Amino acid sequence: MASKVAVIYYSATGSVHQLAEAVAEGAVKAGAEVRLRRVAELAPEDAIDANPAWRAHLDATADVPVASHEDLLWADAYAFGTPTRFGNVAAQLKQFLDTTGGLWYQGKLQDKPATAFASAQNVHGGNESTLLALYNTLYHWGTIIIPPGYTDPSVFAAYGNPYGAAHPSGAGAPTEELLAAARYQGTRLATFTDRLQAGRQD
């Protein structure tokens, strides 16, 4: 039976969305069933409209389903994506994570593999600290963190972040090298999930 991977993300202007799609592609390549989900937008309309790229991306991805607790219960593994906000997780994704207390208390989220990816304006704009901050929640859930580490050449070709694929958005759209690293991260997550599932069946 194919492992089930939920790729859940927040993206304002599209960079994290592109990474999420690449992570999902990598998981599918490894044979996983994937749900790609965005979390709800919390920003006021006037703030969104003040940035044409933000408005354009929100409109362009209106058909992407909004993440729910059911997606978390369905999945065998998680991949979370976020832009950085002062070196931390964006409020939109954090708000979604903060609603999961009941599931955590019931033990519904534990023992599942998880990974994360991020985007900041600059190469040193907080991507690493954002990923580490996001992993704090996943530690509390009791997940099994699956970082890319330095386990594939694609990681080195994409700025060499061992914590997860990370994009410097000030340089433009994600490069093919970075998307390849994100696909590898999705493949790695799905592969480890398959191994864990097989062990549980033995």
# chains A, B, ... in the order shown; residues from 1 in each chain; ligands from 1
$ select_by_dssp --residues "chain A" --states "helix (DSSP H, G or I)" --output "ChimeraX atom specification"
/A:15-29,45-49,52-60,69-74,91-98,101-105,127-141,153-157,169-171,176-201
$ residues_around --residues "A:Asn122" --least-positions-apart "6" --cutoff "10 Å" --atoms "only C-alpha atoms" --output "JSON, numbers by chain"
{"A": [167, 168, 169, 170, 171]}
$ write_last_selection --atoms "N, CA, C and O atoms" --output "PDB file, in the first residue's frame"
ATOM      1  N   HIS A 167      14.882  28.662  -0.091  1.00  0.00           N
ATOM      2  CA  HIS A 167      15.004  29.528  -1.258  1.00  0.00           C
ATOM      3  C   HIS A 167      15.259  30.974  -0.867  1.00  0.00           C
ATOM      4  O   HIS A 167      14.532  31.524  -0.038  1.00  0.00           O
ATOM      5  N   PRO A 168      16.267  31.644  -1.468  1.00  0.00           N
ATOM      6  CA  PRO A 168      16.440  33.086  -1.299  1.00  0.00           C
ATOM      7  C   PRO A 168      15.615  33.815  -2.366  1.00  0.00           C
ATOM      8  O   PRO A 168      16.056  33.982  -3.508  1.00  0.00           O
ATOM      9  N   SER A 169      14.432  34.251  -2.018  1.00  0.00           N
ATOM     10  CA  SER A 169      13.486  34.749  -3.014  1.00  0.00           C
ATOM     11  C   SER A 169      13.909  36.054  -3.658  1.00  0.00           C
ATOM     12  O   SER A 169      13.425  36.395  -4.741  1.00  0.00           O
ATOM     13  N   GLY A 170      14.821  36.788  -3.011  1.00  0.00           N
ATOM     14  CA  GLY A 170      15.296  38.022  -3.612  1.00  0.00           C
ATOM     15  C   GLY A 170      16.038  37.791  -4.915  1.00  0.00           C
ATOM     16  O   GLY A 170      16.184  38.717  -5.725  1.00  0.00           O
ATOM     17  N   ALA A 171      16.473  36.554  -5.134  1.00  0.00           N
ATOM     18  CA  ALA A 171      17.196  36.212  -6.363  1.00  0.00           C
ATOM     19  C   ALA A 171      16.257  35.837  -7.502  1.00  0.00           C
ATOM     20  O   ALA A 171      16.702  35.533  -8.599  1.00  0.00           O
TER      21      ALA A 171
END
$ closest_atom_pairs --of "stretch 25-111 of chain A" --to "stretch 133-157 of chain A" --cutoff "10 Å" --atoms "only C-alpha atoms" --output "Markdown table"
| residue | atom | partner | partner_atom | distance |
| --- | --- | --- | --- | --- |
| A:Ala77 | CA | A:Thr143 | CA | 8.7 |
| A:Tyr78 | CA | A:Thr143 | CA | 9.0 |
| A:Ala79 | CA | A:Ile146 | CA | 9.5 |
| A:Phe80 | CA | A:Leu134 | CA | 8.3 |
| A:Gly81 | CA | A:Leu134 | CA | 9.1 |
| A:Thr82 | CA | A:Leu134 | CA | 8.8 |
| A:Gly87 | CA | A:Ala133 | CA | 8.4 |
| A:Asn88 | CA | A:Ala133 | CA | 6.2 |
| A:Val89 | CA | A:Leu134 | CA | 6.3 |
| A:Ala90 | CA | A:Leu134 | CA | 9.7 |
| A:Leu93 | CA | A:Leu134 | CA | 9.5 |
| A:Lys94 | CA | A:Leu134 | CA | 8.4 |
| A:Leu97 | CA | A:Thr137 | CA | 7.8 |
| A:Asp98 | CA | A:Thr137 | CA | 9.0 |
| A:Thr100 | CA | A:Trp141 | CA | 9.3 |
| A:Gly101 | CA | A:Trp141 | CA | 9.2 |
| A:Leu103 | CA | A:Trp141 | CA | 9.0 |
| A:Trp104 | CA | A:Trp141 | CA | 5.9 |
| A:Tyr105 | CA | A:Trp141 | CA | 8.8 |
| A:Gly107 | CA | A:Trp141 | CA | 7.9 |
| A:Lys108 | CA | A:Trp141 | CA | 8.7 |
| A:Leu109 | CA | A:Trp141 | CA | 5.8 |
| A:Gln110 | CA | A:Gly142 | CA | 4.5 |
| A:Asp111 | CA | A:Thr143 | CA | 4.8 |
$ residues_around --residues "A:Thr191" --least-positions-apart "4" --cutoff "10 Å" --atoms "only C-alpha atoms" --output "short mmCIF file (atom, residue, chain, number, x, y, z; two decimals) with N, CA and C atoms, in the first residue's frame"
data_model
loop_
_atom_site.label_atom_id
_atom_site.label_comp_id
_atom_site.auth_asym_id
_atom_site.auth_seq_id
_atom_site.Cartn_x
_atom_site.Cartn_y
_atom_site.Cartn_z
N SER A 3 2.37 4.84 0.71
CA SER A 3 2.34 5.77 1.83
C SER A 3 1.59 7.02 1.45
N GLY A 26 8.34 14.86 -5.84
CA GLY A 26 9.32 13.88 -5.39
C GLY A 26 8.69 12.74 -4.63
N ALA A 27 7.69 13.06 -3.80
CA ALA A 27 7.01 12.01 -3.06
C ALA A 27 6.22 11.09 -3.99
N LYS A 29 6.96 10.50 -7.07
CA LYS A 29 7.96 9.71 -7.79
C LYS A 29 8.34 8.47 -7.00
N ALA A 30 8.32 8.59 -5.67
CA ALA A 30 8.67 7.46 -4.80
C ALA A 30 7.48 6.53 -4.57
N GLY A 31 6.35 6.84 -5.20
CA GLY A 31 5.19 5.97 -5.11
C GLY A 31 4.16 6.37 -4.09
N ALA A 32 4.33 7.54 -3.46
CA ALA A 32 3.39 7.97 -2.43
C ALA A 32 2.12 8.56 -3.02
N GLN A 185 13.97 15.88 -1.47
CA GLN A 185 13.47 15.87 -0.10
C GLN A 185 12.13 15.14 -0.01
N GLY A 186 11.26 15.37 -0.98
CA GLY A 186 9.99 14.65 -1.02
C GLY A 186 10.17 13.17 -1.23
N THR A 187 11.09 12.80 -2.11
CA THR A 187 11.38 11.38 -2.35
C THR A 187 11.94 10.73 -1.10
N ARG A 195 9.53 2.59 4.42
CA ARG A 195 10.31 1.67 5.26
C ARG A 195 9.68 1.52 6.63
N LEU A 196 9.22 2.64 7.19
CA LEU A 196 8.59 2.58 8.50
C LEU A 196 7.29 1.80 8.45
N GLN A 197 6.51 2.01 7.41
CA GLN A 197 5.26 1.30 7.27
C GLN A 197 5.49 -0.20 7.10
#
$ residues_around --residues "stretch 47-57 of chain A" --least-positions-apart "6" --cutoff "10 Å" --atoms "only C-alpha atoms" --output "ChimeraX atom specification"
/A:11-15,17,41
$ closest_residue --among "A:Leu73, A:Met1, A:Val16, A:Ile8" --to "A:Leu178" --atoms "only C-alpha atoms"
A:Val16
$ select_by_dssp --residues "chain A" --states "strand (DSSP E or B)" --output "MDAnalysis selection string"
chainID A and resid 4:9 33:38 66 77:84 89 113:120 144:145 166:168
$ residues_around --residues "A:Phe86" --least-positions-apart "5" --cutoff "12 Å" --atoms "only C-alpha atoms" --output "mmCIF file with all heavy atoms, in the first residue's frame"
data_model
loop_
_atom_site.group_PDB
_atom_site.id
_atom_site.type_symbol
_atom_site.label_atom_id
_atom_site.label_comp_id
_atom_site.auth_asym_id
_atom_site.auth_seq_id
_atom_site.Cartn_x
_atom_site.Cartn_y
_atom_site.Cartn_z
ATOM 1 N N ALA A 91 2.844 33.422 10.321
ATOM 2 C CA ALA A 91 1.678 33.318 11.202
ATOM 3 C C ALA A 91 0.606 32.403 10.632
ATOM 4 O O ALA A 91 -0.076 31.691 11.379
ATOM 5 C CB ALA A 91 1.095 34.711 11.452
ATOM 6 N N SER A 119 11.457 29.672 2.665
ATOM 7 C CA SER A 119 11.940 30.696 1.738
ATOM 8 C C SER A 119 12.077 32.021 2.478
ATOM 9 O O SER A 119 11.200 32.395 3.258
ATOM 10 C CB SER A 119 10.972 30.873 0.568
ATOM 11 O OG SER A 119 11.404 31.906 -0.296
ATOM 12 N N ALA A 120 13.194 32.703 2.239
ATOM 13 C CA ALA A 120 13.450 34.032 2.797
ATOM 14 C C ALA A 120 13.946 34.947 1.688
ATOM 15 O O ALA A 120 14.372 34.486 0.625
ATOM 16 C CB ALA A 120 14.484 33.968 3.914
ATOM 17 N N GLN A 121 13.913 36.241 1.921
ATOM 18 C CA GLN A 121 14.334 37.204 0.912
ATOM 19 C C GLN A 121 15.798 37.009 0.533
ATOM 20 O O GLN A 121 16.166 37.051 -0.629
ATOM 21 C CB GLN A 121 14.116 38.630 1.432
ATOM 22 C CG GLN A 121 14.556 39.738 0.486
ATOM 23 C CD GLN A 121 13.614 39.945 -0.683
ATOM 24 O OE1 GLN A 121 12.503 39.402 -0.707
ATOM 25 N NE2 GLN A 121 14.018 40.737 -1.652
ATOM 26 N N ASN A 122 16.654 36.783 1.537
ATOM 27 C CA ASN A 122 18.093 36.685 1.319
ATOM 28 C C ASN A 122 18.608 35.294 1.663
ATOM 29 O O ASN A 122 17.946 34.526 2.380
ATOM 30 C CB ASN A 122 18.817 37.715 2.194
ATOM 31 C CG ASN A 122 18.337 39.122 1.932
ATOM 32 O OD1 ASN A 122 18.369 39.588 0.800
ATOM 33 N ND2 ASN A 122 17.863 39.799 2.968
ATOM 34 N N HIS A 124 20.873 34.514 3.687
ATOM 35 C CA HIS A 124 21.001 34.431 5.143
ATOM 36 C C HIS A 124 19.849 35.179 5.807
ATOM 37 O O HIS A 124 20.029 35.842 6.835
ATOM 38 C CB HIS A 124 22.351 35.001 5.585
ATOM 39 C CG HIS A 124 23.515 34.233 5.045
ATOM 40 N ND1 HIS A 124 23.822 32.944 5.451
ATOM 41 C CD2 HIS A 124 24.449 34.561 4.107
ATOM 42 C CE1 HIS A 124 24.881 32.519 4.799
ATOM 43 N NE2 HIS A 124 25.283 33.466 3.975
ATOM 44 N N GLY A 125 18.666 35.060 5.270
ATOM 45 C CA GLY A 125 17.507 35.792 5.766
ATOM 46 C C GLY A 125 16.686 35.069 6.812
ATOM 47 O O GLY A 125 15.569 35.492 7.108
ATOM 48 N N GLY A 126 17.197 33.977 7.362
ATOM 49 C CA GLY A 126 16.490 33.299 8.429
ATOM 50 C C GLY A 126 15.944 31.933 8.078
ATOM 51 O O GLY A 126 15.181 31.357 8.858
ATOM 52 N N ASN A 127 16.318 31.404 6.923
ATOM 53 C CA ASN A 127 15.777 30.098 6.528
ATOM 54 C C ASN A 127 16.110 28.993 7.535
ATOM 55 O O ASN A 127 15.243 28.199 7.896
ATOM 56 C CB ASN A 127 16.288 29.705 5.142
ATOM 57 C CG ASN A 127 15.474 30.312 4.022
ATOM 58 O OD1 ASN A 127 14.266 30.444 4.132
ATOM 59 N ND2 ASN A 127 16.131 30.675 2.922
ATOM 60 N N GLU A 128 17.361 28.937 7.973
ATOM 61 C CA GLU A 128 17.742 27.868 8.886
ATOM 62 C C GLU A 128 17.011 27.991 10.217
ATOM 63 O O GLU A 128 16.486 26.999 10.746
ATOM 64 C CB GLU A 128 19.259 27.857 9.094
ATOM 65 C CG GLU A 128 20.032 27.412 7.854
ATOM 66 C CD GLU A 128 21.505 27.206 8.117
ATOM 67 O OE1 GLU A 128 21.950 27.447 9.264
ATOM 68 O OE2 GLU A 128 22.217 26.796 7.189
ATOM 69 N N SER A 129 16.949 29.196 10.785
ATOM 70 C CA SER A 129 16.274 29.354 12.072
ATOM 71 C C SER A 129 14.777 29.104 11.939
ATOM 72 O O SER A 129 14.144 28.581 12.868
ATOM 73 C CB SER A 129 16.532 30.750 12.660
ATOM 74 O OG SER A 129 15.980 31.764 11.848
ATOM 75 N N THR A 130 14.208 29.426 10.779
ATOM 76 C CA THR A 130 12.780 29.154 10.554
ATOM 77 C C THR A 130 12.514 27.658 10.521
ATOM 78 O O THR A 130 11.550 27.169 11.118
ATOM 79 C CB THR A 130 12.318 29.802 9.248
ATOM 80 O OG1 THR A 130 12.427 31.230 9.383
ATOM 81 C CG2 THR A 130 10.884 29.441 8.917
ATOM 82 N N ALA A 133 12.817 26.316 14.001
ATOM 83 C CA ALA A 133 11.645 26.702 14.787
ATOM 84 C C ALA A 133 10.440 25.845 14.430
ATOM 85 O O ALA A 133 9.670 25.426 15.305
ATOM 86 C CB ALA A 133 11.330 28.185 14.572
#
$ closest_residue --among "A:Ala198, A:Ala75, A:Leu58, A:Val28" --to "A:Ala40" --atoms "only C-alpha atoms"
A:Leu58
